[in-house]
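See below for the structure under consideration.
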Amino acid sequence: MPIADTQQGMVAIAAALTILGTGVATAWAEKVIGAASVGALAEKPELFGRVLPLVVIPETIVVFGLVIAFLLLGTLG
Amino acid sequence: MSRALIVGPRDALERSVEVLYQLKLLHIVDHQQGESELDIGKPLPAATEASEVLVKLRSIANILQVQEPKATSAAEDVEQPPEGDLRSKILALELNLSEQDASKKKIQGLVADLNRRVEEITPFAQLPLSLEDYRGYESLEVFVGKVPREITGLETVTPEYESFSVPGFLVVFVAKAHAGRMRDFLAQSGFTSVPVPEGREPPREILANLLAERDRWEKRLKDIEETLTTLRERYAQFLTAAKSRLEIEVEKAEAPLRFAVTDHTFIVEGWVPSERFAPMKEGLESLDGVFVEKLETAGHEEPETEPEPPVLLKNPRPVRPFQTLVNLFGTPSYKEIDPSILIASVFPIFFGIMVSDAGYGLAWILFGTWAVKRYLKTPFWKDVITAITWGGFWAFIFGFFVFAEAFGIPFHAPPGSAPGTAAYFNWSDSILHFDIPIHPVMEKLTQVPDFIVLAVLAAYIHLGIGFVTGFFDEIRHNVKHAVGKAAWLLILTSLFIIILVRAARWPVDPEGRVPLGYALWNGPLAWFPHGGITMSSVGFGATNPIPMAALILLGVGLVVMLATEGAMHIMEIFGLLANMISYARLAGIGVAEEAVTFALNSIILGGMIIPWMNGSSFVFLIVGLVFFALAQIVLFLLYAISATIQSIRLNYVEFFLKFYKGTGTLFRPFGERTTTEV
């Protein structure tokens with residue numbers, strides 16, 4: 001689907017918003033999990049291996065954002 | 001692992017414990033009271049005394065603030081226990097110390113008290129009044145106290161007052177008749193009243209006395225602290241060595257608590273590596289009356305109710321550091337395939353793809369090797385850094401041969417960059433003046449879609465390995481689950497093909513290069529039947545229809561999966577798709593890191609080094625190089641941290657959850673000292 005020249009800026013903004021939204025969402029989610037994990041680690045340091053993946057799980061959100069942003073940019077001429 | 005049963009007479013108990021401790025072969029299974037008629041054993045008589053002395057010793061070490069030595073040096077020191085009677089030496093030291101410690105605490109209390117009094121009297125000493133001047137009036141009210149700032153306007157309340165002040169402190173004498181209003185006024189200005197100290201001497205004198213007393217006590221305190229430091233220096237080594245010796249003694253003496261005993265015999269159960277059973281039997285049966293029997297060996301077909309043996313991971317040497325990463329997630333259970341070798345091959349490659357810079361890779365190889373050989377002491381960090389160093393190796397390979405760049409500077413100027421700009425700055429033309437015969441296969445900043453396709457390919461291979469491993473894991477226990485894993489592999493393959501076909505939309509990109517998606521689909525995968533359904537609204541045009549064969553694979557996979565795993569698992573398909581897209585982080589991190597390096601390099605190279613090359617002052621070069629080095633060091637560590645975490649995460653979350661449970665117990669033979677205690 002070709003995008004009109006005058007609309008290309010909108011597509012770029014859409015891509016930027018995708019990254020912005022997913023980035024903020026990731027940050028917020030990691031903040032919550034991170035705080036809880038540090039609490040758990042203070043009690044049981046050996047949980048480190050189980051906690052680390054939990055903390056980075058929300059990073060997938062921003063990776064999705066990245067992929068969508070590139071799909072959007074791919075529609076630009 | 002073999003299950004061993006050791007039986008012997010009570011009087012051989014102590015010697016058996018000694019032998020077991022020396023052999024370091026038996027993972028003792030604690031005897032639970034009430035499981036059978038047998039009681040648990042009582043600690044050896046030495047236990048009470050040893051633990052008592054150990055408690056004293058810990059308190060001494062605490063008073064002296066003796067630092068625990070690093071793990072490996074402790075292991076070396078253990079072999080040379082201190083000479084002489086440990087107990088009497090420690091008791092004497094404790095007596096001496098507790099006196100010093102008590103007086104230290106007392107003096108600290110005194111000094112704190114003196115400090116408080118000095119603080120109280122100081123403002124009075126600065127005012128030209130004696131303490132008696134503050135009290136004993138019939139017609140006057142005296143306000144003495146602290147103020148947050150200078151208070152003006154007292155005369156607006158009444159002219160009949162007199163005030164004295166130093167910064168932060170105020171004294172007001174006012175006629176009783178106006179006292180109420182003055183109090184309100186002062187209170188509004190933030191005045192807080194303080195009591196006037198007792199005594200008749202001039203406050204200045206009191207202050208001088210207090211200061212002199214405080215100095216005296218502080219000197220005493222310093223003396224005591226010096227004594228303690230001397231003691232620490234003299235006894236630190238003794239204390240550490242004594243502590244580890246006592247800990248061993250306590251562990252040995254308390255071992256019978258884990259045994260079963262009757263009036264005349266003791267019984268120990270435990271696990272021992274099968275091939276080491278004979279030496280253990282030999283060692284123990286040299287004692288009179290002790291017998292060692294092998295209970296039936298744990299095989300893979302035993303019923304679920306059997307107790308599960310502990311696990312001793314056995315891997316070739318290069319793989320061993322990665323066992324730490326596996327154990328961090330969970331030790332494999334006895335029936336599971338040990339994934340160490342998988343993580344050892346995949347973790348460094350993912351790290352390499354994300355960092356993918358010849359300069360950082362080489363730096364990690366050098367830095368990591370040095371750190372592991374010379375600097376690091378704890379086994380945990382040694383293993384982690386070794387793993388990252390292997391990652392550095394792959395970062396070098398990818399950076400050198402695929403992306404052709406080092407420290408964020410490309411080997412050759414990227415197409416379209418103007419000479420003389422920071423973007424043009426490259427190794428061949430600007431630095432080495434020699435044409436490096438390697439050109440990038442992929443440009444990180446301009447070929448991001450290709451990078452993402454590479455990541456999806458990595459996802460397919462990695463997850464595929466996960467399902468295949470899961471298949472072989474399950475087929476020994478449950479054929480149905482194994483078939484389920486095979487079905488998942490079909491679904492994964494079809495999803496991968498569909499994503500790849502979507503990426504194979506364009507035969508050339510704007511710069512005239514063939515995108516990786518197109519190259520893969522029409523190159524190595526050309527044999528796959530290409531015909532199928534066109535859906536141009538979502539990017540599957542006439543040149544790249546959704547392949548019918550992939551849809552058939554998906555259908556077959558779905559049916560088999562639903563039949564073996566149950567209907568609930570249909571939701572998991574979206575999870576699997578999310579997992580695959582999650583690997584795009586390989587590209588995401590790679591590109592983001594490149595972009596950050598490029599930005600910093602542009603500022604430093606464009607602002608300082610290129611002006612110098614065009615004839616600017618030499619100072620530009622020096623400052624530029626310093627900034628460049630600092631930025632590179634920060635980036636080097638930053639990239640290693642994020643690439644490590646992301647690579648571990650891909651292994652833990654996306655990969656392990658496909659097949660790995662990690663519910664085993666680590667084999668920990670009696671007598672092996674753990675250094676994990678914090």
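Residues are named by chain letter and number: chains run A, B, ... in the order of the structure tokens, numbers start at 1 in each chain, and ligands are numbered from 1 in the order shown.
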
Item checked: Contact residues (chain A, partner chain B, 12 Å, only C-alpha atoms) as a ChimeraX atom specification -> /A:1-2,19,44-77

Margin query: I want to know what sits within 12 Å of Ile552 (chain B), based on only C-alpha atoms, with residues of the same chain fewer than 2 positions away left out; could you give that as a list in words?
Written below: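 My reading of the contact set: Leu490, Ile491, Thr493, Ser494, Leu495, Ile497, Ile498, Pro529, Gly532, Ile546, Pro547, Met548, Ala549, Ala550, Leu554, Gly555, Val556, Gly557, Leu558 and Val559 of chain B.
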
Quick one: everything within 7 Å of region 428-439 of chain B, counting only C-alpha atoms, minus sequence neighbours fewer than 2 positions away in the same chain. Send it as a PDB file with C-alpha atoms, in the first residue's frame.
```pdb
ATOM      1  CA  PHE B 401      33.600 -10.655   9.175  1.00  0.00           C
ATOM      2  CA  ALA B 404      33.275  -5.001   9.472  1.00  0.00           C
ATOM      3  CA  PHE B 411      36.474  -0.542   8.187  1.00  0.00           C
ATOM      4  CA  HIS B 412      35.296   1.363   5.100  1.00  0.00           C
ATOM      5  CA  PHE B 425      35.609   8.405   9.381  1.00  0.00           C
ATOM      6  CA  ASN B 426      36.805   4.832   8.901  1.00  0.00           C
ATOM      7  CA  VAL B 441      28.042  -8.314   4.735  1.00  0.00           C
TER       8      VAL B 441
END
```

Check: Between B:Val319, B:Ala459, B:Ile267, B:Leu154, which one has atoms that come closest to Ile28 (chain B), using only C-alpha atoms?
Finding: B:Ile267

Checklist line | Shell of 9 Å around Gly671 (chain B), only C-alpha atoms, local chain residues under 6 positions omitted, as a PyMOL selection string | finding: chain B and resi 20-26+248+251-252

Item checked: Using only C-alpha atoms: which of B:Ala236, B:Ile499, B:Ile641, B:Ala179 has the shortest distance to Ile388 (chain B) -> B:Ile641

Notebook entry, point to check: Using the chain letters and numbers from this document, which residues of region 385-530 of chain B does DSSP assign to helix (DSSP H, G or I), as a count of residues only?
Noted result: 84

Notebook entry, point to check: So how many Å separate CA of Val174 (chain B) and CA of Phe191 (chain B), to one decimal?
Noted result: 15.3 Å

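Atom pair CA of Ser103 (chain B) / CA of Ala61 (chain B): separated by 17.6 Å.
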
Item checked: One-decimal distance in Å that lies between CA of Ala112 (chain B) and CA of Gly145 (chain B) ->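 Rounded to one decimal, the two atoms are 21.9 Å apart.
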
Margin query: as a list in words, please: the residues near region 478-489 of chain B (cut-off 9 Å, only C-alpha atoms, same-chain neighbours under 4 positions excluded).
Written below: Leu463, Gly464, Phe467, Val468, Thr469, Gly470, Phe471, Phe472, Asp473, Glu474, Thr493, Ser494, Leu554, Val556, Gly557, Leu558, Val559, Val560, Met561, Leu562, Ala563, Thr564, Glu565, Ile573, Lys658 and Phe659 of chain B

Next item on the list: Excluding region 366-375 of chain B and residues on its chain fewer than 4 positions from it, collect all residues at most 12 Å away from it, counting only C-alpha atoms, and give them as a ChimeraX atom specification.
Entry: /B:70,72,321,359-362,379-393,396,633,636-637,640

Notebook entry, point to check: Of the candidates B:Asp215, B:Pro197, B:Ala413, B:Phe598, which shows the shortest atom-to-atom distance to Asp133 (chain B), using only C-alpha atoms?
Noted result: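 Under the stated criterion, the closest residue is B:Pro197.
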